[in-house]
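Undergrad: File follows, input_13.pdb with PDB, C-alpha atoms:
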ATOM      1  CA  MET G   1      90.364  83.845  87.032  1.00  0.00           C
ATOM      2  CA  ASN G   2      86.822  84.218  88.322  1.00  0.00           C
ATOM      3  CA  ASN G   3      83.924  84.779  85.917  1.00  0.00           C
ATOM      4  CA  VAL G   4      83.694  88.500  86.665  1.00  0.00           C
ATOM      5  CA  GLY G   5      87.399  89.048  85.967  1.00  0.00           C
ATOM      6  CA  TRP G   6      87.162  87.003  82.783  1.00  0.00           C
ATOM      7  CA  PHE G   7      84.199  89.101  81.593  1.00  0.00           C
ATOM      8  CA  PHE G   8      86.078  92.363  82.011  1.00  0.00           C
ATOM      9  CA  VAL G   9      89.207  91.107  80.255  1.00  0.00           C
ATOM     10  CA  GLU G  10      87.531  89.214  77.436  1.00  0.00           C
ATOM     11  CA  SER G  11      84.809  91.776  76.715  1.00  0.00           C
ATOM     12  CA  GLY G  12      87.212  94.695  76.428  1.00  0.00           C
ATOM     13  CA  VAL G  13      85.481  96.637  79.235  1.00  0.00           C
ATOM     14  CA  ILE G  14      88.823  97.551  80.796  1.00  0.00           C
ATOM     15  CA  GLN G  15      90.128  98.994  77.502  1.00  0.00           C
ATOM     16  CA  ARG G  16      87.033 101.240  77.274  1.00  0.00           C
ATOM     17  CA  TRP G  17      87.331 102.477  80.859  1.00  0.00           C
ATOM     18  CA  THR G  18      87.944 106.220  80.496  1.00  0.00           C
ATOM     19  CA  ASP G  19      87.110 107.825  83.847  1.00  0.00           C
ATOM     20  CA  SER G  20      90.667 107.559  85.152  1.00  0.00           C
ATOM     21  CA  THR G  21      94.196 107.571  83.796  1.00  0.00           C
ATOM     22  CA  SER G  22      95.990 104.322  83.086  1.00  0.00           C
ATOM     23  CA  SER G  23      99.009 105.349  85.177  1.00  0.00           C
ATOM     24  CA  VAL G  24      99.746 107.463  88.244  1.00  0.00           C
ATOM     25  CA  LEU G  25     103.264 108.256  86.999  1.00  0.00           C
ATOM     26  CA  PRO G  26     102.281 111.641  85.477  1.00  0.00           C
ATOM     27  CA  THR G  27     100.651 112.592  88.788  1.00  0.00           C
ATOM     28  CA  ILE G  28     103.761 111.559  90.729  1.00  0.00           C
ATOM     29  CA  HIS G  29     105.882 113.674  88.353  1.00  0.00           C
ATOM     30  CA  LYS G  30     103.643 116.711  88.944  1.00  0.00           C
ATOM     31  CA  LEU G  31     103.816 116.302  92.713  1.00  0.00           C
ATOM     32  CA  LEU G  32     107.604 115.922  92.646  1.00  0.00           C
ATOM     33  CA  ASN G  33     107.890 118.988  90.399  1.00  0.00           C
ATOM     34  CA  ALA G  34     105.852 120.906  92.991  1.00  0.00           C
ATOM     35  CA  GLY G  35     108.492 120.015  95.601  1.00  0.00           C
ATOM     36  CA  LEU G  36     106.500 117.414  97.536  1.00  0.00           C
ATOM     37  CA  ARG G  37     108.098 114.321  99.025  1.00  0.00           C
ATOM     38  CA  ILE G  38     106.473 111.134  97.737  1.00  0.00           C
ATOM     39  CA  TRP G  39     106.828 107.740  99.364  1.00  0.00           C
ATOM     40  CA  VAL G  40     105.432 104.721  97.545  1.00  0.00           C
ATOM     41  CA  TYR G  41     105.229 101.540  99.585  1.00  0.00           C
ATOM     42  CA  SER G  42     104.148  97.969  99.022  1.00  0.00           C
ATOM     43  CA  GLY G  43     104.059  94.697 100.864  1.00  0.00           C
ATOM     44  CA  ASP G  44     106.642  92.351  99.407  1.00  0.00           C
ATOM     45  CA  THR G  45     104.088  89.520  99.182  1.00  0.00           C
ATOM     46  CA  ASP G  46     101.364  91.675  97.595  1.00  0.00           C
ATOM     47  CA  GLY G  47      99.772  89.649  94.797  1.00  0.00           C
ATOM     48  CA  ARG G  48      97.642  92.527  93.475  1.00  0.00           C
ATOM     49  CA  VAL G  49     100.362  95.171  93.132  1.00  0.00           C
ATOM     50  CA  PRO G  50     103.688  93.294  93.232  1.00  0.00           C
ATOM     51  CA  ILE G  51     106.714  95.272  94.345  1.00  0.00           C
ATOM     52  CA  THR G  52     108.533  94.179  91.182  1.00  0.00           C
ATOM     53  CA  SER G  53     105.841  95.875  89.059  1.00  0.00           C
ATOM     54  CA  THR G  54     106.070  99.030  91.147  1.00  0.00           C
ATOM     55  CA  ARG G  55     109.857  99.104  90.780  1.00  0.00           C
ATOM     56  CA  TYR G  56     109.516  98.607  87.039  1.00  0.00           C
ATOM     57  CA  SER G  57     107.025 101.487  86.813  1.00  0.00           C
ATOM     58  CA  ILE G  58     109.203 103.836  88.850  1.00  0.00           C
ATOM     59  CA  ASN G  59     112.197 102.961  86.668  1.00  0.00           C
ATOM     60  CA  LYS G  60     110.137 104.243  83.706  1.00  0.00           C
ATOM     61  CA  MET G  61     110.310 107.699  85.316  1.00  0.00           C
ATOM     62  CA  GLU G  62     114.090 107.695  84.686  1.00  0.00           C
ATOM     63  CA  LEU G  63     114.943 109.398  87.977  1.00  0.00           C
ATOM     64  CA  GLU G  64     118.472 109.279  89.334  1.00  0.00           C
ATOM     65  CA  ILE G  65     118.890 106.860  92.229  1.00  0.00           C
ATOM     66  CA  GLU G  66     120.263 108.590  95.312  1.00  0.00           C
ATOM     67  CA  GLU G  67     120.473 105.500  97.503  1.00  0.00           C
ATOM     68  CA  GLU G  68     120.467 101.971  96.079  1.00  0.00           C
ATOM     69  CA  TRP G  69     118.004  99.273  97.141  1.00  0.00           C
ATOM     70  CA  ARG G  70     118.896  98.364 100.733  1.00  0.00           C
ATOM     71  CA  ALA G  71     117.350  96.831 103.814  1.00  0.00           C
ATOM     72  CA  TRP G  72     115.594  98.977 106.405  1.00  0.00           C
ATOM     73  CA  TYR G  73     115.098  97.892 110.026  1.00  0.00           C
ATOM     74  CA  HIS G  74     112.512  97.926 112.769  1.00  0.00           C
ATOM     75  CA  LYS G  75     113.306  96.518 116.220  1.00  0.00           C
ATOM     76  CA  GLN G  76     116.604  95.076 114.980  1.00  0.00           C
ATOM     77  CA  GLU G  77     114.968  93.017 112.210  1.00  0.00           C
ATOM     78  CA  VAL G  78     114.796  93.623 108.499  1.00  0.00           C
ATOM     79  CA  ALA G  79     111.436  95.331 108.008  1.00  0.00           C
ATOM     80  CA  GLY G  80     111.711  95.655 104.237  1.00  0.00           C
ATOM     81  CA  TRP G  81     113.725  97.266 101.489  1.00  0.00           C
ATOM     82  CA  VAL G  82     114.015 100.877 100.365  1.00  0.00           C
ATOM     83  CA  GLU G  83     115.412 102.865  97.464  1.00  0.00           C
ATOM     84  CA  THR G  84     115.511 106.651  97.225  1.00  0.00           C
ATOM     85  CA  TYR G  85     115.455 108.743  94.085  1.00  0.00           C
ATOM     86  CA  GLU G  86     116.141 112.352  93.187  1.00  0.00           C
ATOM     87  CA  ARG G  87     113.565 115.044  93.878  1.00  0.00           C
ATOM     88  CA  GLY G  88     112.122 113.334  96.964  1.00  0.00           C
ATOM     89  CA  LEU G  89     110.777 109.998  95.747  1.00  0.00           C
ATOM     90  CA  THR G  90     111.186 106.956  97.992  1.00  0.00           C
ATOM     91  CA  LEU G  91     110.091 103.392  97.267  1.00  0.00           C
ATOM     92  CA  ALA G  92     109.794 101.078 100.258  1.00  0.00           C
ATOM     93  CA  SER G  93     108.678  97.505 100.718  1.00  0.00           C
ATOM     94  CA  VAL G  94     107.437  95.937 103.930  1.00  0.00           C
ATOM     95  CA  ARG G  95     108.683  92.412 104.523  1.00  0.00           C
ATOM     96  CA  GLY G  96     106.005  89.733 104.826  1.00  0.00           C
ATOM     97  CA  ALA G  97     103.112  92.111 104.132  1.00  0.00           C
ATOM     98  CA  GLY G  98     100.422  91.616 101.525  1.00  0.00           C
ATOM     99  CA  HIS G  99      98.161  94.119  99.774  1.00  0.00           C
ATOM    100  CA  GLN G 100      96.864  95.723 102.986  1.00  0.00           C
ATOM    101  CA  VAL G 101     100.252  96.452 104.514  1.00  0.00           C
ATOM    102  CA  PRO G 102      99.089  97.877 107.894  1.00  0.00           C
ATOM    103  CA  VAL G 103      96.931  94.783 108.513  1.00  0.00           C
ATOM    104  CA  PHE G 104      99.825  92.393 107.860  1.00  0.00           C
ATOM    105  CA  ALA G 105     102.605  94.417 109.511  1.00  0.00           C
ATOM    106  CA  PRO G 106     101.195  97.102 111.834  1.00  0.00           C
ATOM    107  CA  GLN G 107     104.412  97.882 113.729  1.00  0.00           C
ATOM    108  CA  GLN G 108     106.540  98.148 110.601  1.00  0.00           C
ATOM    109  CA  SER G 109     103.811 100.272 108.970  1.00  0.00           C
ATOM    110  CA  LEU G 110     103.780 102.666 111.907  1.00  0.00           C
ATOM    111  CA  SER G 111     107.556 102.947 111.690  1.00  0.00           C
ATOM    112  CA  LEU G 112     107.354 103.601 107.946  1.00  0.00           C
ATOM    113  CA  PHE G 113     104.666 106.282 108.336  1.00  0.00           C
ATOM    114  CA  SER G 114     106.422 107.893 111.299  1.00  0.00           C
ATOM    115  CA  HIS G 115     109.675 108.190 109.365  1.00  0.00           C
ATOM    116  CA  PHE G 116     107.793 109.752 106.453  1.00  0.00           C
ATOM    117  CA  LEU G 117     106.011 112.296 108.667  1.00  0.00           C
ATOM    118  CA  LEU G 118     109.261 113.206 110.425  1.00  0.00           C
ATOM    119  CA  ALA G 119     111.096 113.424 107.066  1.00  0.00           C
ATOM    120  CA  LYS G 120     113.643 110.868 108.301  1.00  0.00           C
ATOM    121  CA  THR G 121     115.233 108.113 106.287  1.00  0.00           C
ATOM    122  CA  LEU G 122     114.323 104.548 107.181  1.00  0.00           C
ATOM    123  CA  PRO G 123     116.884 102.985 109.565  1.00  0.00           C
ATOM    124  CA  PRO G 124     119.769 101.384 107.632  1.00  0.00           C
ATOM    125  CA  THR G 125     121.081  99.370 110.590  1.00  0.00           C
ATOM    126  CA  ARG G 126     119.829  97.159 113.412  1.00  0.00           C
ATOM    127  CA  SER G 127     120.521  99.753 116.121  1.00  0.00           C
TER     128      SER G 127
END
Do you think you could lay out the structure here as structure tokens?

TA:
Amino acid sequence: MNNVGWFFVESGVIQRWTDSTSSVLPTIHKLLNAGLRIWVYSGDTDGRVPITSTRYSINKMELEIEEEWRAWYHKQEVAGWVETYERGLTLASVRGAGHQVPVFAPQQSLSLFSHFLLAKTLPPTRS
């Protein structure tokens, strides 16, 4: 850990940070309750916000799973994984992408965003 990161952890600065909430889960709940579709995405090699942590957090919401974790495709290759939940929540990963997903995987990102905007599910097959 660099010196700056050590300072914030060891000094307790992070625990005293009060200008934002500690979790976005209440905000996601409010948006879902308002009838909005929410897609959360992450690169599967993201070291800052690992997909496993995001999945763990979403599981805390205790939403019913509508479609189990499965591969999604772009240009006949696995582009990542996706799971859909009740009330319009989707969690997607992008294969091989780090924290800045569009920089690492621009074509897969465009496909992901296009499917969201068109309200279409991510492709479940290579076709």

Undergrad: Can you tell me how far CA of Glu62 (chain G) sits from CA of Gly98 (chain G), in Å to one decimal?

TA: 27.0 Å

Undergrad: Would you compute the distance between CA of Gln107 (chain G) and CA of Ser53 (chain G)? Give it in Å to one decimal.

TA: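 Going from CA of Gln107 (chain G) over to CA of Ser53 (chain G) covers 24.8 Å.
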
Undergrad: Can you pull out the residues contacting region 75-92 of chain G? Cut-off 7 Å, using all atoms listed in the file, and skip same-chain residues under 5 positions away; I want them as a PyMOL selection string.

TA: chain G and resi 32+36-42+63-70+108+126-127

Undergrad: Give as a short mmCIF file (atom, residue, chain, number, x, y, z; two decimals) with C-alpha atoms, in the coordinates of the input the residues that the PyMOL selection byres ((chain G and resi 23-29) around 8) matches when applied to the coordinates above.

TA:
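Final file, result24.cif:
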data_model
loop_
_atom_site.label_atom_id
_atom_site.label_comp_id
_atom_site.auth_asym_id
_atom_site.auth_seq_id
_atom_site.Cartn_x
_atom_site.Cartn_y
_atom_site.Cartn_z
CA THR G 21 94.20 107.57 83.80
CA SER G 22 95.99 104.32 83.09
CA LYS G 30 103.64 116.71 88.94
CA LEU G 31 103.82 116.30 92.71
CA LEU G 32 107.60 115.92 92.65
CA ASN G 33 107.89 118.99 90.40
CA ILE G 38 106.47 111.13 97.74
CA SER G 57 107.02 101.49 86.81
CA ILE G 58 109.20 103.84 88.85
CA MET G 61 110.31 107.70 85.32
#

Undergrad: For a test of reading the model, state the distance in Å between CA of Gly96 (chain G) and CA of Lys60 (chain G), rounded to one decimal.

TA: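 CA of Gly96 (chain G) sits 26.0 Å away from CA of Lys60 (chain G).
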
Undergrad: Between G:Thr45, G:Ser114, G:Ser93, G:Ser109, single out the one closest to Trp72 (chain G), counting only C-alpha atoms.

TA: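 Of the candidates, the smallest distance to Trp72 (chain G) is held by G:Ser93.
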
Undergrad: Using all atoms listed in the file, find the one residue out of G:Arg55, G:Val94, G:Pro124, G:Gly35 that sits nearest to Pro106 (chain G).

TA: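 That would be G:Val94, the residue with the smallest distance to Pro106 (chain G).
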
Undergrad: For the structure shown, which residues end up in the PyMOL selection byres ((chain G and resi 122) around 9)? Put them as a PyMOL selection string, please?

TA: chain G and resi 71-74+82+92+111-112+115-116+120-121+123-124

Undergrad: Could you save those same residues with C-alpha atoms as a compact mmCIF listing (two decimals), keeping the file's coordinate frame?

TA:
# COMPACT_ATOMS: atom_id res chain seq x y z
CA ALA G 71 117.35 96.83 103.81
CA TRP G 72 115.59 98.98 106.40
CA TYR G 73 115.10 97.89 110.03
CA HIS G 74 112.51 97.93 112.77
CA VAL G 82 114.02 100.88 100.36
CA ALA G 92 109.79 101.08 100.26
CA SER G 111 107.56 102.95 111.69
CA LEU G 112 107.35 103.60 107.95
CA HIS G 115 109.68 108.19 109.36
CA PHE G 116 107.79 109.75 106.45
CA LYS G 120 113.64 110.87 108.30
CA THR G 121 115.23 108.11 106.29
CA PRO G 123 116.88 102.98 109.56
CA PRO G 124 119.77 101.38 107.63
